[in-house]
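Asks: Structure incoming, see below.
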Amino acid sequence: MLQSDDDDIALEVASSRSRSSSSSSSTQGATDDSDLDDDSDKSSAALAAVPVLLAVVAIATDLGTILWGCRHPRVDCTQAYPTLAEASRFRPQQYLYMVGLCSTSVLWATTLGLLHWFLRLTLPSSQRLVAHVIAVVGGVASLALLCLAVFDTRAHPEGHTAAAVLVITSVWPTLLLVQHARRQSILFHRPPYGARKRRIMAVAIGEYGIVLGIVASVGYSWTLLDWVNPFQVASALTIFETLLVISWSAVVASVAAEIGALAPLVEHHDLLTLARQK
């Protein structure tokens with residue numbers, strides 16, 4: 001939600017009147033403001049940690065399941081590393097796979113919920129449709145991740161394949177829309193120079209992640225269809241699959257720049273709302 005100059009002026013006038021009431025109240029108010037700033041910084045750090053944690057969990061689930069799968073007697077990693085689906089067929093790494101995907105699903109939904117809140121505060125009403133679409137399509141991806149965790153390749157191969165296709169076809173549109181919305185947010189919401197620079201750098205990281213993800217997706221598809229194996233190695237599918245997970249994780253982790261700015265935005269919005277009511 002964009003704030004008008006009149007609202008800012010009204011807030012400054014109200015703050016000025018409050019500060020001039022008495023010296024003792026001003027000193028107490030300064031102490032309270034300092035405490036509020038500390039609380040805001042802690043809230044910002046906690047919120048920004050959510051997408052970063054999501055990236056860590058996703059990459060750890062992928063690599064952990066594959067490497068742990070190498071310890072299974074039916075998996076020979078000296079010949080080729082298994083894909084995520086192949087490694088998750090066997091226990092106990094199957095439990096790591098299930099817990100990791102369920103955790104990823106919850107963190108993904110939480111991240112998109114926080115981003116949706118941020119976009120509502122920084123985009124004009126005419127541009128907020130993209131925020132709602134991100135929430136809906138991202139919600140589908142979250143449910144698809146849960147299905148992918150439940151339908152293992154050994155007991156439910158058809159369900160696993162369908163869930164994997166749904167994950168790919170819902171995560172990609174979500175991430176592309178997220179990048180578009182982040183660029184729009186920078187255009188319509190003018191943060192201070194330092195914050196603006198951090199957000200531009202974060203969007204650039206997201207763009208690099210998108211490019212890497214496209215390369216990994218194309219390479220995976222070509223290798224899967226036996227059209228070409230660029231690396232001429234048996235582990236090409238696993239390599240491209242892991243690169244795809246890393247690229248998606250990079251895009252999601254970069255959203256920490258926006259989500260970390262959510263707490264002060266909400267506080268400012270609430271203060272302006274109180275000022276208008278007075």
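We label chains A, B, ... in the order they appear in the structure tokens, count residues from 1 in each chain, and number ligands from 1 in the order shown.
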Could you build a table of the residues in region 39-92 of chain A lying no more than 9 Å from region 245-262 of chain A, giving for each the nearest pair of atoms and their separation in Å rounded to one decimal place, using only C-alpha atoms, ordered by chain and ascending residue number, as CSV?

Replies:
```
residue,atom,partner,partner_atom,distance
A:Asp41,CA,A:Gly260,CA,8.9
A:Ser43,CA,A:Gly260,CA,8.1
A:Ser44,CA,A:Gly260,CA,4.5
A:Ala45,CA,A:Gly260,CA,6.1
A:Ala46,CA,A:Gly260,CA,7.8
A:Leu47,CA,A:Gly260,CA,5.7
A:Ala48,CA,A:Gly260,CA,4.3
A:Ala49,CA,A:Ala256,CA,6.9
A:Val50,CA,A:Ala256,CA,7.6
A:Pro51,CA,A:Ala253,CA,4.9
A:Val52,CA,A:Ala253,CA,4.6
A:Leu53,CA,A:Ala253,CA,7.9
A:Leu54,CA,A:Ala253,CA,7.4
A:Ala55,CA,A:Ser249,CA,4.4
A:Val56,CA,A:Ser249,CA,7.7
A:Ala58,CA,A:Ser249,CA,7.0
A:Ile59,CA,A:Ile246,CA,6.3
A:Asp62,CA,A:Val245,CA,7.6
```

Asks: Would you please extract all helix (DSSP H, G or I) residues from region 21-264 of chain A, as assigned by DSSP on the backbone, and give them as an NGL selection string?

Replies: :A and (23-69 or 84-87 or 93-122 or 125-127 or 129-150 or 157-188 or 193-224 or 236-254 or 256-259 or 262-264)

Asks: So that I can check the surroundings of Ala164 (chain A), please list as a VMD selection string every protein, DNA and RNA residue that reaches within 8 Å of it, counting only C-alpha atoms and ignoring chain neighbours fewer than 3 positions away.

Replies: chain A and resid 144 to 145 148 160 to 161 167 to 168

Asks: Based on the selection just made, write C-alpha atoms of those residues as a PDB file, in the first residue's frame.

Replies:
```
ATOM      1  CA  ALA A 144       2.470 -30.651  -4.794  1.00  0.00           C
ATOM      2  CA  LEU A 145       5.600 -30.849  -2.609  1.00  0.00           C
ATOM      3  CA  LEU A 148       5.797 -35.644  -3.727  1.00  0.00           C
ATOM      4  CA  HIS A 160       5.109 -39.545  -7.687  1.00  0.00           C
ATOM      5  CA  THR A 161       5.478 -38.723 -11.377  1.00  0.00           C
ATOM      6  CA  VAL A 167       5.894 -29.192  -8.783  1.00  0.00           C
ATOM      7  CA  ILE A 168       7.850 -28.173 -11.879  1.00  0.00           C
TER       8      ILE A 168
END
```

Asks: Name the residues in contact with region 124-132 of chain A at a cut-off of 8 Å, using only C-alpha atoms, excluding same-chain residues fewer than 3 positions from it; report them as a ChimeraX atom specification.

Replies: /A:1-2,116,119-120,135-136,177,181,188

Asks: Produce a file of the selected residues containing N, CA, C and O atoms, as an mmCIF file, in the first residue's frame.

Replies:
```
data_model
loop_
_atom_site.group_PDB
_atom_site.id
_atom_site.type_symbol
_atom_site.label_atom_id
_atom_site.label_comp_id
_atom_site.auth_asym_id
_atom_site.auth_seq_id
_atom_site.Cartn_x
_atom_site.Cartn_y
_atom_site.Cartn_z
ATOM 1 N N MET A 1 0.850 -1.177 0.000
ATOM 2 C CA MET A 1 0.000 0.000 0.000
ATOM 3 C C MET A 1 0.885 1.226 0.000
ATOM 4 O O MET A 1 1.690 1.451 0.898
ATOM 5 N N LEU A 2 0.777 2.132 -1.006
ATOM 6 C CA LEU A 2 1.609 3.298 -1.099
ATOM 7 C C LEU A 2 1.119 4.368 -0.145
ATOM 8 O O LEU A 2 -0.083 4.574 0.040
ATOM 9 N N HIS A 116 3.722 -12.000 -0.097
ATOM 10 C CA HIS A 116 2.417 -11.473 -0.487
ATOM 11 C C HIS A 116 2.063 -10.249 0.361
ATOM 12 O O HIS A 116 1.551 -9.234 -0.154
ATOM 13 N N LEU A 119 4.231 -7.299 -0.807
ATOM 14 C CA LEU A 119 3.797 -6.740 -2.085
ATOM 15 C C LEU A 119 2.513 -5.929 -1.930
ATOM 16 O O LEU A 119 2.326 -4.911 -2.614
ATOM 17 N N ARG A 120 1.641 -6.340 -1.043
ATOM 18 C CA ARG A 120 0.415 -5.570 -0.800
ATOM 19 C C ARG A 120 0.723 -4.187 -0.232
ATOM 20 O O ARG A 120 -0.032 -3.236 -0.464
ATOM 21 N N ALA A 135 0.406 -16.071 -4.773
ATOM 22 C CA ALA A 135 -0.072 -16.817 -3.607
ATOM 23 C C ALA A 135 -0.828 -18.078 -4.023
ATOM 24 O O ALA A 135 -0.643 -19.148 -3.419
ATOM 25 N N VAL A 136 -1.646 -17.980 -5.066
ATOM 26 C CA VAL A 136 -2.451 -19.128 -5.500
ATOM 27 C C VAL A 136 -1.576 -20.201 -6.152
ATOM 28 O O VAL A 136 -1.621 -21.382 -5.771
ATOM 29 N N LEU A 177 6.968 -15.017 -11.711
ATOM 30 C CA LEU A 177 6.083 -13.940 -11.261
ATOM 31 C C LEU A 177 6.674 -13.205 -10.059
ATOM 32 O O LEU A 177 6.509 -11.986 -9.926
ATOM 33 N N ALA A 181 7.271 -9.247 -9.866
ATOM 34 C CA ALA A 181 6.682 -8.443 -8.801
ATOM 35 C C ALA A 181 7.753 -7.686 -8.023
ATOM 36 O O ALA A 181 7.535 -6.541 -7.592
ATOM 37 N N PHE A 188 7.696 1.155 -7.875
ATOM 38 C CA PHE A 188 6.594 1.888 -7.252
ATOM 39 C C PHE A 188 6.883 2.301 -5.815
ATOM 40 O O PHE A 188 6.337 3.285 -5.331
#
```

Asks: Between A:Gly138, A:Ala155, A:Pro192, A:Gly206, which residue has the minimum interatomic distance to His180 (chain A), considering only C-alpha atoms?

Replies: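 That would be A:Gly206, the residue with the smallest distance to His180 (chain A).
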
Asks: At a cut-off of 8 Å, using only C-alpha atoms, what residues contact region 70-84 of chain A? Leave out same-chain residues fewer than 2 positions from it and give the result as a PyMOL selection string.

Replies: chain A and resi 62+65-68+86-88+90+233-235+237-238+241

Asks: Determine the nearest neighbour of Phe118 (chain A) from the options A:Val171, A:Ser185, A:Pro92, A:Ala236, counting only C-alpha atoms.

Replies: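 Residue with the minimum atom-to-atom distance to Phe118 (chain A): A:Ser185.
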
Asks: Report, in Å with one decimal, the straight-line distance from CA of Ser105 (chain A) to CA of Val178 (chain A).

Replies: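 One can read the CA of Ser105 (chain A) to CA of Val178 (chain A) distance as 17.0 Å.
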
Asks: Have a look at A:Leu244, A:Val140, A:Leu175, A:Val99 and name the one nearest to Ile214 (chain A); count only C-alpha atoms.

Replies: A:Leu244
